[in-house]
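A.B. asks: File input.tsv below, TSV, C-alpha atoms:
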```
chain	number	residue	atom	x	y	z
G	8	MET	CA	0.00	0.00	0.00
G	9	ILE	CA	1.37	3.37	-1.04
G	10	THR	CA	1.48	6.22	1.48
G	11	ILE	CA	0.58	9.82	0.72
G	12	LYS	CA	4.18	10.79	1.35
G	13	GLU	CA	5.28	8.55	-1.51
G	14	LEU	CA	2.49	10.01	-3.62
G	15	THR	CA	3.80	13.54	-3.08
G	16	GLU	CA	6.99	12.46	-4.82
G	17	LYS	CA	5.11	11.31	-7.90
G	18	PRO	CA	5.01	13.98	-10.60
G	19	GLU	CA	1.86	16.00	-11.10
G	20	LEU	CA	0.74	14.84	-14.53
G	21	PHE	CA	-2.42	16.90	-14.30
G	22	THR	CA	-0.87	20.16	-13.21
G	23	ALA	CA	-1.98	23.21	-11.31
G	24	GLY	CA	-3.19	26.19	-13.33
G	25	HIS	CA	-6.14	24.42	-14.95
G	26	ARG	CA	-9.26	26.56	-14.87
G	27	ALA	CA	-11.77	24.32	-13.13
G	28	CYS	CA	-14.12	25.94	-10.62
G	29	ALA	CA	-13.04	26.09	-6.99
G	30	GLY	CA	-13.73	22.79	-5.26
G	31	CYS	CA	-14.04	20.83	-8.53
G	32	GLY	CA	-14.58	17.10	-7.95
G	33	PRO	CA	-13.49	15.86	-11.40
G	34	ALA	CA	-10.21	17.81	-11.07
G	35	ILE	CA	-9.48	15.92	-7.83
G	36	ALA	CA	-10.37	12.67	-9.60
G	37	LEU	CA	-7.95	13.41	-12.45
G	38	ARG	CA	-5.11	14.29	-10.07
G	39	GLN	CA	-5.62	11.04	-8.21
G	40	ILE	CA	-5.93	8.99	-11.41
G	41	MET	CA	-2.79	10.51	-12.93
G	42	LYS	CA	-0.85	9.61	-9.79
G	43	ALA	CA	-1.82	5.94	-10.17
G	44	LEU	CA	-0.26	5.34	-13.60
G	45	ARG	CA	2.22	2.51	-14.06
G	46	GLY	CA	4.30	3.91	-16.93
G	47	PRO	CA	4.03	5.70	-20.25
G	48	THR	CA	0.41	6.59	-20.89
G	49	ILE	CA	-1.60	8.28	-23.62
G	50	VAL	CA	-4.79	10.02	-22.59
G	51	THR	CA	-7.61	10.79	-24.97
G	52	GLU	CA	-10.49	12.85	-23.84
G	53	ALA	CA	-13.94	13.63	-25.13
G	54	THR	CA	-15.29	17.13	-24.91
G	55	GLY	CA	-16.44	17.91	-21.41
G	56	CYS	CA	-15.68	19.95	-18.33
G	57	MET	CA	-12.19	18.58	-17.85
G	58	GLU	CA	-11.23	19.04	-21.51
G	59	VAL	CA	-12.45	22.64	-21.49
G	60	VAL	CA	-10.68	23.64	-18.29
G	61	SER	CA	-7.39	21.84	-18.87
G	62	THR	CA	-6.52	23.03	-22.38
G	63	ILE	CA	-7.51	26.62	-22.92
G	64	TYR	CA	-5.31	27.72	-25.83
G	65	PRO	CA	-2.33	28.15	-25.57
G	66	TYR	CA	-2.14	26.57	-22.10
G	67	THR	CA	-2.26	22.87	-21.30
G	68	ALA	CA	-2.45	21.27	-17.86
G	69	TRP	CA	-1.36	17.84	-19.15
G	70	ASN	CA	2.10	16.43	-18.72
G	71	VAL	CA	1.29	13.31	-20.72
G	72	PRO	CA	0.48	12.92	-24.44
G	73	TRP	CA	-3.12	14.01	-24.62
G	74	VAL	CA	-5.56	14.01	-27.53
G	75	HIS	CA	-8.83	15.85	-27.59
G	76	THR	CA	-11.62	14.27	-29.57
G	77	ALA	CA	-15.27	14.92	-30.34
G	78	PHE	CA	-17.97	14.37	-27.76
G	79	GLU	CA	-18.98	10.88	-28.88
G	80	THR	CA	-15.63	9.34	-29.76
G	81	ALA	CA	-13.44	8.97	-26.67
G	82	ALA	CA	-13.60	5.18	-26.89
G	83	ALA	CA	-13.24	5.11	-30.70
G	84	ASN	CA	-10.14	7.30	-30.43
G	85	ALA	CA	-8.69	5.07	-27.71
G	86	SER	CA	-9.30	2.03	-29.95
G	87	GLY	CA	-7.32	3.68	-32.75
G	88	ILE	CA	-4.45	4.64	-30.45
G	89	GLU	CA	-4.30	1.12	-29.03
G	90	ALA	CA	-4.33	-0.44	-32.53
G	91	ALA	CA	-1.57	1.93	-33.68
G	92	LEU	CA	0.54	1.09	-30.62
G	93	LYS	CA	0.14	-2.62	-31.40
G	94	VAL	CA	1.46	-2.11	-34.94
G	95	LEU	CA	4.33	0.09	-33.78
G	96	LYS	CA	5.28	-2.55	-31.25
G	97	ARG	CA	5.16	-5.30	-33.88
G	98	LYS	CA	7.39	-3.24	-36.16
G	99	LYS	CA	9.73	-2.60	-33.20
G	100	ARG	CA	9.28	1.15	-33.54
G	101	ILE	CA	8.56	1.43	-29.80
G	102	THR	CA	10.47	-0.53	-27.24
G	103	HIS	CA	8.35	0.11	-24.15
G	104	GLU	CA	7.00	-3.00	-22.49
G	105	HIS	CA	3.57	-1.44	-22.29
G	106	VAL	CA	2.02	1.87	-23.20
G	107	ASP	CA	-1.32	2.40	-21.48
G	108	VAL	CA	-4.26	4.12	-23.08
G	109	ILE	CA	-6.84	5.97	-21.02
G	110	ALA	CA	-10.07	7.31	-22.48
G	111	LEU	CA	-11.66	10.01	-20.36
G	112	ALA	CA	-15.18	11.28	-20.64
G	113	GLY	CA	-17.80	12.87	-18.48
G	114	ASP	CA	-21.25	11.51	-17.89
G	115	GLY	CA	-22.67	13.29	-20.94
G	116	GLY	CA	-19.95	11.84	-23.15
G	117	THR	CA	-20.60	8.36	-21.77
G	118	TYR	CA	-24.23	7.90	-20.74
G	119	ASP	CA	-25.76	9.76	-23.66
G	120	ILE	CA	-23.46	10.66	-26.52
G	121	GLY	CA	-20.52	8.28	-26.32
G	122	ILE	CA	-22.20	4.99	-25.50
G	123	GLN	CA	-22.16	3.59	-29.03
G	124	ALA	CA	-18.40	4.14	-29.40
G	125	LEU	CA	-17.82	2.73	-25.93
G	126	SER	CA	-19.98	-0.29	-26.61
G	127	GLY	CA	-18.18	-0.94	-29.90
G	128	ALA	CA	-14.71	-0.60	-28.38
G	129	ALA	CA	-15.66	-2.94	-25.53
G	130	GLU	CA	-16.99	-5.50	-28.00
G	131	ARG	CA	-13.83	-5.33	-30.13
G	132	GLY	CA	-11.81	-5.92	-26.98
G	133	HIS	CA	-9.24	-3.14	-27.22
G	134	ASP	CA	-6.84	-2.93	-24.31
G	135	PHE	CA	-7.65	0.40	-22.69
G	136	LEU	CA	-9.11	1.92	-19.56
G	137	TYR	CA	-12.22	4.01	-19.93
G	138	VAL	CA	-12.67	6.46	-17.08
G	139	LEU	CA	-16.08	8.04	-16.64
G	140	TYR	CA	-16.01	10.97	-14.26
G	141	ASP	CA	-19.61	11.36	-13.24
G	142	ASN	CA	-20.69	14.83	-12.15
G	143	GLU	CA	-24.29	14.04	-13.03
G	144	GLY	CA	-25.00	16.56	-15.74
G	145	TYR	CA	-23.65	18.71	-18.57
G	146	MET	CA	-22.00	21.16	-16.22
G	147	ASN	CA	-19.75	23.39	-18.34
G	148	THR	CA	-22.53	24.26	-20.79
G	149	GLY	CA	-24.82	25.43	-18.01
G	150	ILE	CA	-25.99	22.45	-15.94
G	151	GLN	CA	-28.30	20.51	-18.25
G	152	ARG	CA	-29.68	17.09	-17.35
G	153	SER	CA	-27.98	13.95	-18.65
G	154	GLY	CA	-28.65	10.23	-18.40
G	155	GLY	CA	-26.54	10.33	-15.26
G	156	THR	CA	-28.59	12.95	-13.43
G	157	PRO	CA	-30.44	11.32	-10.52
G	158	LEU	CA	-34.15	11.43	-9.83
G	159	GLY	CA	-35.40	14.69	-8.35
G	160	ALA	CA	-32.36	16.81	-9.22
G	161	SER	CA	-33.10	20.30	-10.47
G	162	THR	CA	-31.12	21.31	-13.55
G	163	THR	CA	-31.70	24.01	-16.15
G	164	THR	CA	-33.43	21.54	-18.48
G	165	SER	CA	-35.29	19.71	-15.71
G	166	PRO	CA	-36.09	22.66	-13.45
G	167	ALA	CA	-37.99	22.17	-10.23
G	168	GLY	CA	-41.18	24.21	-10.18
G	169	THR	CA	-44.54	24.20	-8.49
G	170	VAL	CA	-45.61	21.02	-10.30
G	171	ILE	CA	-42.50	19.22	-11.58
G	172	PRO	CA	-40.04	17.97	-8.90
G	173	GLY	CA	-36.84	18.26	-10.96
G	174	LYS	CA	-35.75	15.32	-13.08
G	175	THR	CA	-38.51	12.71	-13.22
G	176	GLN	CA	-36.37	9.82	-14.51
G	177	HIS	CA	-33.88	7.58	-12.73
G	178	LYS	CA	-30.13	7.43	-13.21
G	179	LYS	CA	-29.01	4.92	-15.81
G	180	PRO	CA	-26.96	2.04	-14.29
G	181	ILE	CA	-24.08	2.50	-16.73
G	182	ALA	CA	-21.57	0.30	-14.89
G	183	ASP	CA	-24.01	-2.64	-14.98
G	184	ILE	CA	-24.44	-2.06	-18.71
G	185	MET	CA	-20.66	-2.34	-19.08
G	186	VAL	CA	-20.58	-5.56	-17.03
G	187	ALA	CA	-23.13	-6.94	-19.49
G	188	HIS	CA	-20.54	-6.38	-22.26
G	189	ASP	CA	-18.56	-9.17	-20.63
G	190	ILE	CA	-15.36	-7.15	-20.32
G	191	PRO	CA	-12.61	-8.18	-17.90
G	192	TYR	CA	-12.83	-5.29	-15.45
G	193	VAL	CA	-15.59	-2.91	-14.37
G	194	ALA	CA	-15.51	-0.91	-11.15
G	195	THR	CA	-17.09	2.05	-9.43
G	196	ALA	CA	-14.99	4.43	-7.35
G	197	SER	CA	-15.37	7.69	-5.48
G	198	ILE	CA	-12.89	10.52	-4.95
G	199	GLY	CA	-13.81	10.39	-1.26
G	200	TYR	CA	-11.92	7.09	-1.00
G	201	TRP	CA	-8.73	7.85	-2.89
G	202	GLN	CA	-6.86	4.65	-1.99
G	203	ASP	CA	-9.68	2.55	-3.36
G	204	LEU	CA	-9.87	4.76	-6.48
G	205	MET	CA	-6.15	4.55	-7.21
G	206	ALA	CA	-6.04	0.79	-6.66
G	207	LYS	CA	-8.89	0.39	-9.14
G	208	VAL	CA	-7.20	2.62	-11.74
G	209	ARG	CA	-4.09	0.48	-11.51
G	210	LYS	CA	-6.11	-2.74	-11.78
G	211	GLY	CA	-7.92	-1.38	-14.82
G	212	LEU	CA	-4.63	-0.50	-16.52
G	213	GLU	CA	-3.00	-3.82	-15.75
G	214	VAL	CA	-5.83	-5.98	-17.01
G	215	GLU	CA	-5.62	-7.24	-20.60
G	216	GLY	CA	-8.58	-5.94	-22.55
G	217	PRO	CA	-11.09	-3.17	-21.98
G	218	ALA	CA	-11.66	-1.87	-18.46
G	219	PHE	CA	-14.31	0.55	-17.29
G	220	LEU	CA	-14.10	2.77	-14.23
G	221	HIS	CA	-17.05	4.83	-13.03
G	222	VAL	CA	-15.81	7.63	-10.76
G	223	MET	CA	-18.23	9.71	-8.73
G	224	ALA	CA	-17.01	13.32	-8.71
G	225	PRO	CA	-19.31	15.99	-7.22
G	226	CYS	CA	-19.63	19.35	-8.97
G	227	PRO	CA	-20.18	22.16	-6.43
G	228	ARG	CA	-21.42	24.51	-9.14
G	229	GLY	CA	-23.99	22.18	-10.64
G	230	TRP	CA	-24.99	20.43	-7.44
G	231	ARG	CA	-25.30	23.82	-5.73
G	232	SER	CA	-23.24	22.63	-2.81
G	233	ASP	CA	-20.56	24.25	-0.66
G	234	THR	CA	-17.17	24.12	-2.43
G	235	ALA	CA	-15.54	22.89	0.78
G	236	LYS	CA	-17.86	19.88	1.06
G	237	THR	CA	-16.92	18.15	-2.22
G	238	MET	CA	-15.12	15.28	-0.50
G	239	GLU	CA	-17.71	15.00	2.25
G	240	ILE	CA	-20.54	14.64	-0.30
G	241	SER	CA	-18.68	12.02	-2.29
G	242	ARG	CA	-18.18	9.99	0.90
G	243	LEU	CA	-21.84	10.41	1.85
G	244	ALA	CA	-22.90	9.05	-1.54
G	245	VAL	CA	-21.13	5.83	-0.63
G	246	GLU	CA	-22.32	5.76	2.99
G	247	THR	CA	-25.96	6.18	1.97
G	248	CYS	CA	-25.53	3.48	-0.74
G	249	VAL	CA	-26.65	5.94	-3.42
G	250	PHE	CA	-23.33	5.15	-5.10
G	251	PRO	CA	-21.99	1.83	-3.71
G	252	LEU	CA	-18.41	0.85	-4.49
G	253	TRP	CA	-17.93	-2.49	-6.20
G	254	GLU	CA	-15.87	-4.14	-8.89
G	255	ALA	CA	-16.70	-6.88	-11.34
G	256	VAL	CA	-13.71	-8.95	-12.44
G	257	ASN	CA	-14.63	-11.10	-15.45
G	258	GLY	CA	-18.29	-10.52	-14.67
G	259	GLU	CA	-18.01	-11.68	-11.03
G	260	TYR	CA	-19.34	-8.96	-8.75
G	261	GLY	CA	-17.60	-8.16	-5.48
G	262	LEU	CA	-18.13	-5.31	-3.01
G	263	SER	CA	-15.20	-3.05	-2.20
G	264	PRO	CA	-14.14	-2.86	1.47
G	265	ILE	CA	-16.00	0.38	2.24
G	266	SER	CA	-19.32	-0.82	0.90
G	267	LYS	CA	-18.77	-4.30	2.32
G	268	ALA	CA	-18.49	-2.81	5.80
G	269	ILE	CA	-21.93	-1.27	5.28
G	270	ALA	CA	-23.32	-4.54	3.90
G	271	LEU	CA	-22.16	-6.48	6.95
G	272	LYS	CA	-23.32	-3.85	9.45
G	273	PRO	CA	-26.54	-2.46	7.96
G	274	ASP	CA	-27.01	0.10	10.75
G	275	ARG	CA	-24.06	1.99	9.27
G	276	LYS	CA	-26.14	2.72	6.18
G	277	LYS	CA	-27.29	6.34	6.36
G	278	PRO	CA	-30.66	7.58	5.10
G	279	VAL	CA	-30.51	9.41	1.75
G	280	GLU	CA	-31.79	12.65	3.32
G	281	VAL	CA	-28.32	13.36	4.74
G	282	TYR	CA	-26.88	13.19	1.24
G	283	LEU	CA	-29.69	15.17	-0.40
G	284	LYS	CA	-29.66	17.92	2.22
G	285	MET	CA	-26.09	18.95	1.36
G	286	GLN	CA	-27.04	19.80	-2.22
G	287	ARG	CA	-29.30	22.68	-3.14
G	288	ARG	CA	-30.33	20.98	-6.39
G	289	PHE	CA	-32.48	18.77	-4.14
G	290	ALA	CA	-33.68	21.59	-1.86
G	291	HIS	CA	-37.19	21.62	-3.37
G	292	LEU	CA	-37.69	17.98	-2.32
G	293	PHE	CA	-37.87	19.06	1.31
G	294	GLN	CA	-41.13	20.94	0.69
G	295	PRO	CA	-44.10	18.91	2.04
G	296	LYS	CA	-45.60	18.39	-1.45
G	297	PHE	CA	-42.46	16.72	-2.81
G	298	GLN	CA	-41.69	14.57	0.25
G	299	HIS	CA	-42.82	11.46	-1.62
G	300	ILE	CA	-39.90	11.91	-4.07
G	301	ILE	CA	-37.43	11.49	-1.20
G	302	LYS	CA	-39.18	8.26	-0.28
G	303	GLU	CA	-39.00	7.19	-3.90
G	304	ILE	CA	-35.26	7.93	-4.00
G	305	GLN	CA	-34.78	5.93	-0.78
G	306	ASP	CA	-36.81	2.99	-2.13
G	307	ASP	CA	-34.93	3.03	-5.42
G	308	THR	CA	-31.57	3.20	-3.60
G	309	ASP	CA	-32.57	0.24	-1.40
G	310	LYS	CA	-33.80	-1.72	-4.39
G	311	ARG	CA	-30.55	-1.22	-6.30
G	312	TRP	CA	-28.46	-1.91	-3.19
G	313	ASN	CA	-30.28	-5.18	-2.45
G	314	ARG	CA	-29.93	-6.22	-6.06
G	315	LEU	CA	-26.20	-5.51	-5.84
G	316	LEU	CA	-25.90	-7.55	-2.63
G	317	LYS	CA	-27.57	-10.46	-4.39
G	318	LYS	CA	-25.08	-10.20	-7.27
G	319	CYS	CA	-22.20	-10.16	-4.76
G	320	ASN	CA	-23.63	-13.22	-2.95
G	321	ILE	CA	-23.97	-11.38	0.32
G	322	PRO	CA	-26.96	-12.48	2.46
G	323	GLN	CA	-29.79	-10.00	2.75
G	324	VAL	CA	-29.01	-8.71	6.24
G	325	ALA	CA	-28.85	-5.24	4.81
G	326	VAL	CA	-32.52	-4.55	4.24
G	327	SER	CA	-33.07	-0.93	5.19
G	328	LYS	CA	-35.42	-0.22	8.08
G	329	THR	CA	-36.46	3.20	6.84
O	18	MET	CA	2.18	40.14	-26.96
O	19	SER	CA	0.57	42.33	-29.55
O	20	GLN	CA	-3.10	43.27	-29.45
O	21	GLN	CA	-3.48	42.21	-33.10
O	22	PRO	CA	-5.08	38.76	-33.45
O	23	LYS	CA	-2.67	36.20	-34.83
O	24	GLY	CA	-2.97	34.86	-38.36
O	25	TRP	CA	-2.90	31.16	-39.16
O	26	LYS	CA	0.80	31.31	-40.01
O	27	GLU	CA	1.71	32.47	-36.51
O	28	ILE	CA	-0.28	29.99	-34.45
O	29	SER	CA	1.04	26.51	-33.69
O	30	ILE	CA	0.39	23.62	-36.08
O	31	ALA	CA	-3.11	22.19	-35.57
O	32	GLY	CA	-3.58	24.67	-32.74
O	33	VAL	CA	-1.56	22.56	-30.32
O	34	CYS	CA	-1.34	24.03	-26.82
O	35	TRP	CA	2.31	24.61	-26.06
O	36	LYS	CA	2.40	26.64	-22.85
O	37	PRO	CA	2.22	24.90	-19.47
O	38	ALA	CA	-0.88	25.79	-17.49
O	39	THR	CA	1.38	26.60	-14.56
O	40	ASP	CA	2.17	29.88	-16.38
O	41	TYR	CA	-1.43	30.88	-15.76
O	42	HIS	CA	-1.99	31.81	-12.13
O	43	THR	CA	-5.46	30.99	-10.89
O	44	GLY	CA	-4.73	32.22	-7.37
O	45	ASP	CA	-6.31	35.63	-7.97
O	46	TRP	CA	-9.76	33.99	-8.18
O	47	ARG	CA	-9.59	33.37	-4.46
O	48	SER	CA	-11.74	35.17	-1.89
O	49	PHE	CA	-10.77	32.96	1.07
O	50	LYS	CA	-7.25	31.93	1.83
O	51	PRO	CA	-6.28	28.75	3.71
O	52	VAL	CA	-3.87	29.40	6.56
O	53	ARG	CA	-2.16	26.49	8.26
O	54	ASP	CA	-1.22	26.36	11.91
O	55	PRO	CA	2.12	24.49	11.92
O	56	LYS	CA	1.71	23.66	15.61
O	57	LYS	CA	-1.54	21.78	15.09
O	58	CYS	CA	-0.51	20.21	11.77
O	59	THR	CA	0.41	16.52	11.98
O	60	LYS	CA	1.79	16.50	8.41
O	61	CYS	CA	-0.53	13.67	7.41
O	62	LEU	CA	-0.61	15.22	3.91
O	63	LEU	CA	-4.30	14.46	3.39
O	64	CYS	CA	-4.63	18.05	2.11
O	65	HIS	CA	-2.20	17.21	-0.68
O	66	ILE	CA	-4.37	14.44	-2.09
O	67	VAL	CA	-7.71	16.28	-1.77
O	68	CYS	CA	-6.60	19.57	-3.34
O	69	PRO	CA	-8.14	20.02	-6.83
O	70	ASP	CA	-5.41	22.46	-7.84
O	71	ALA	CA	-2.23	20.72	-6.76
O	72	ALA	CA	-1.55	23.81	-4.68
O	73	ILE	CA	-0.41	21.91	-1.58
O	74	GLN	CA	2.97	20.27	-1.99
O	75	TRP	CA	5.52	18.60	0.22
O	76	ASN	CA	8.82	20.46	0.36
O	77	LYS	CA	11.56	17.88	0.74
O	78	GLU	CA	14.23	20.34	1.85
O	79	THR	CA	12.31	21.96	4.68
O	80	GLN	CA	10.39	18.71	5.36
O	81	ASP	CA	7.20	20.70	5.56
O	82	ILE	CA	3.93	21.31	3.74
O	83	GLU	CA	3.88	24.30	1.41
O	84	PHE	CA	0.85	26.14	0.05
O	85	ASN	CA	1.22	27.57	-3.41
O	86	TYR	CA	-1.00	30.65	-3.33
O	87	ASP	CA	-0.41	31.23	-7.06
O	88	PHE	CA	-2.86	28.41	-7.79
O	89	CYS	CA	-5.05	28.00	-4.70
O	90	LYS	CA	-8.62	28.96	-5.60
O	91	GLY	CA	-9.73	29.02	-1.97
O	92	CYS	CA	-12.35	26.26	-2.20
O	93	GLY	CA	-11.80	25.25	1.43
O	94	ILE	CA	-11.68	21.48	0.90
O	95	CYS	CA	-8.36	21.25	2.77
O	96	ALA	CA	-9.77	23.09	5.79
O	97	ASN	CA	-12.88	20.89	5.76
O	98	GLU	CA	-10.94	17.62	5.43
O	99	CYS	CA	-8.11	18.39	7.87
O	100	GLY	CA	-8.47	15.97	10.77
O	101	ALA	CA	-6.34	18.08	13.11
O	102	LYS	CA	-8.30	21.26	12.24
O	103	ALA	CA	-4.98	22.93	11.48
O	104	ILE	CA	-6.23	24.89	8.45
O	105	VAL	CA	-8.56	27.88	8.72
O	106	MET	CA	-10.01	29.91	5.88
O	107	VAL	CA	-9.30	33.63	6.20
O	108	GLN	CA	-10.97	36.26	4.04
O	109	GLU	CA	-8.60	37.85	1.54
O	110	GLY	CA	-7.83	41.50	2.11
O	111	GLY	CA	-8.83	41.35	5.78
O	112	GLU	CA	-6.58	40.83	8.73
```
Now that the file is in, can you turn its structure into structure tokens?
C.D. replies:
Amino acid sequence: MITIKELTEKPELFTAGHRACAGCGPAIALRQIMKALRGPTIVTEATGCMEVVSTIYPYTAWNVPWVHTAFETAAANASGIEAALKVLKRKKRITHEHVDVIALAGDGGTYDIGIQALSGAAERGHDFLYVLYDNEGYMNTGIQRSGGTPLGASTTTSPAGTVIPGKTQHKKPIADIMVAHDIPYVATASIGYWQDLMAKVRKGLEVEGPAFLHVMAPCPRGWRSDTAKTMEISRLAVETCVFPLWEAVNGEYGLSPISKAIALKPDRKKPVEVYLKMQRRFAHLFQPKFQHIIKEIQDDTDKRWNRLLKKCNIPQVAVSKT
Amino acid sequence: MSQQPKGWKEISIAGVCWKPATDYHTGDWRSFKPVRDPKKCTKCLLCHIVCPDAAIQWNKETQDIEFNYDFCKGCGICANECGAKAIVMVQEGGE
């Protein structure tokens, strides 16, 4: 296990001076991911918050080879890079033992726009790691809803009013969709648990074949939360089981230590209200007329959590009492 | 730097970004400044890993934590996460 002191000696491959908002969750995620690399790496990134803030001409915050690509083609681009590396290696033009390829995209570029490229790349079995940093909306264009926005969240295209309680649809279970592609490694991680996140990045890079990592990264601007509470919210998402941490190696589900502790001691599971209360995008749900949405969120969280426990072969001790 | 916009012959090939972002100081966005109390600090370095701006670094020579106020945007995550409560946020321009 690596200590933070050793991490401080690792170079900053995603440098300071990027123009993300104060308290940006995805920026923390990228810093942590770039500290977990095992060697030479090429990063390709779809349009999204982190692309916009890191490479404002003529400045770049990347200390690794980095390619920007269109919104829908992060995975297609990564496939091409991986195929080119294979040929170069065969022709002995590169002598590195391995060159890793990371495709980065936000939730818009994965859930909605990029899923066909991702699905194709996973099916073709290219050796790359796809990192989805999930800030639950199209944040840099002005906080529009995406397939990753959870039920009840108010965004500019699903505004909460007197009748409509924010987004009326549920969040798409993207990581489960990727497990269904039968790829060697799928995991969910949260910036609140950086050791777990970095271990999963390394596992995803080391595995032969496509790997998918779903990283929860709160956006203080879009979630209307306090900039100082970014890490606290990302931990609460795990503690309330809204975003449980698990990994599926060759399709076999297993809970990560943090979520396993909650599964074995169900009284540690917090009610979703604690998580919702910290974000002003859910503030309207606390009016009496929208209280039933909170119950619906809790029921949906419990349903998904119990389904996950079943997949992980953990006995159903964890049925919520709320 | 001239005020005249550059023509296509003067910009880099394919518009490649060539300047490091560290030339661009984001520190002047800040309205609150984190101040560390070295007596309370246990040097656990948790602030290093939670900083979105890589503004908190370990100085090997002095064996101490250093804040780089050129880049700190004053989000307050370090103060919120610090277990020893050694970091406080102070308003810029005040005492």
A.B. asks: Could you name the residues that touch O:Glu109 at 8 Å or less, counting all atoms listed in the file, but leaving out those on the same chain fewer than 3 positions away, as a PyMOL selection string?
C.D. replies: chain O and resi 47-50
A.B. asks: I need the chain G residues near chain O as a PyMOL selection string; criterion: at most 8 Å, counting only C-alpha atoms.
C.D. replies: chain G and resi 11-12+15+19+22-26+29-32+34-35+38-39+61-69+201+234-239
A.B. asks: Might you pull out every residue within 8 Å of G:Val138, with all atoms listed in the file counted and same-chain residues fewer than 5 positions away left off, and present them as a list in words?
C.D. replies: Ile109, Ala110, Leu111, Ala112, Phe219, Leu220, His221 and Val222 of chain G
A.B. asks: How many Å separate atom CA of G:Met223 from atom CA of G:Ser197?
C.D. replies: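 About the pair atom CA of G:Met223 and atom CA of G:Ser197: they are 4.8 Å apart.
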A.B. asks: What is the atom CA of G:Ile269 to atom CA of G:Gln176 distance in Å?
C.D. replies: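 We find that atom CA of G:Ile269 and atom CA of G:Gln176 lie 26.9 Å from each other.
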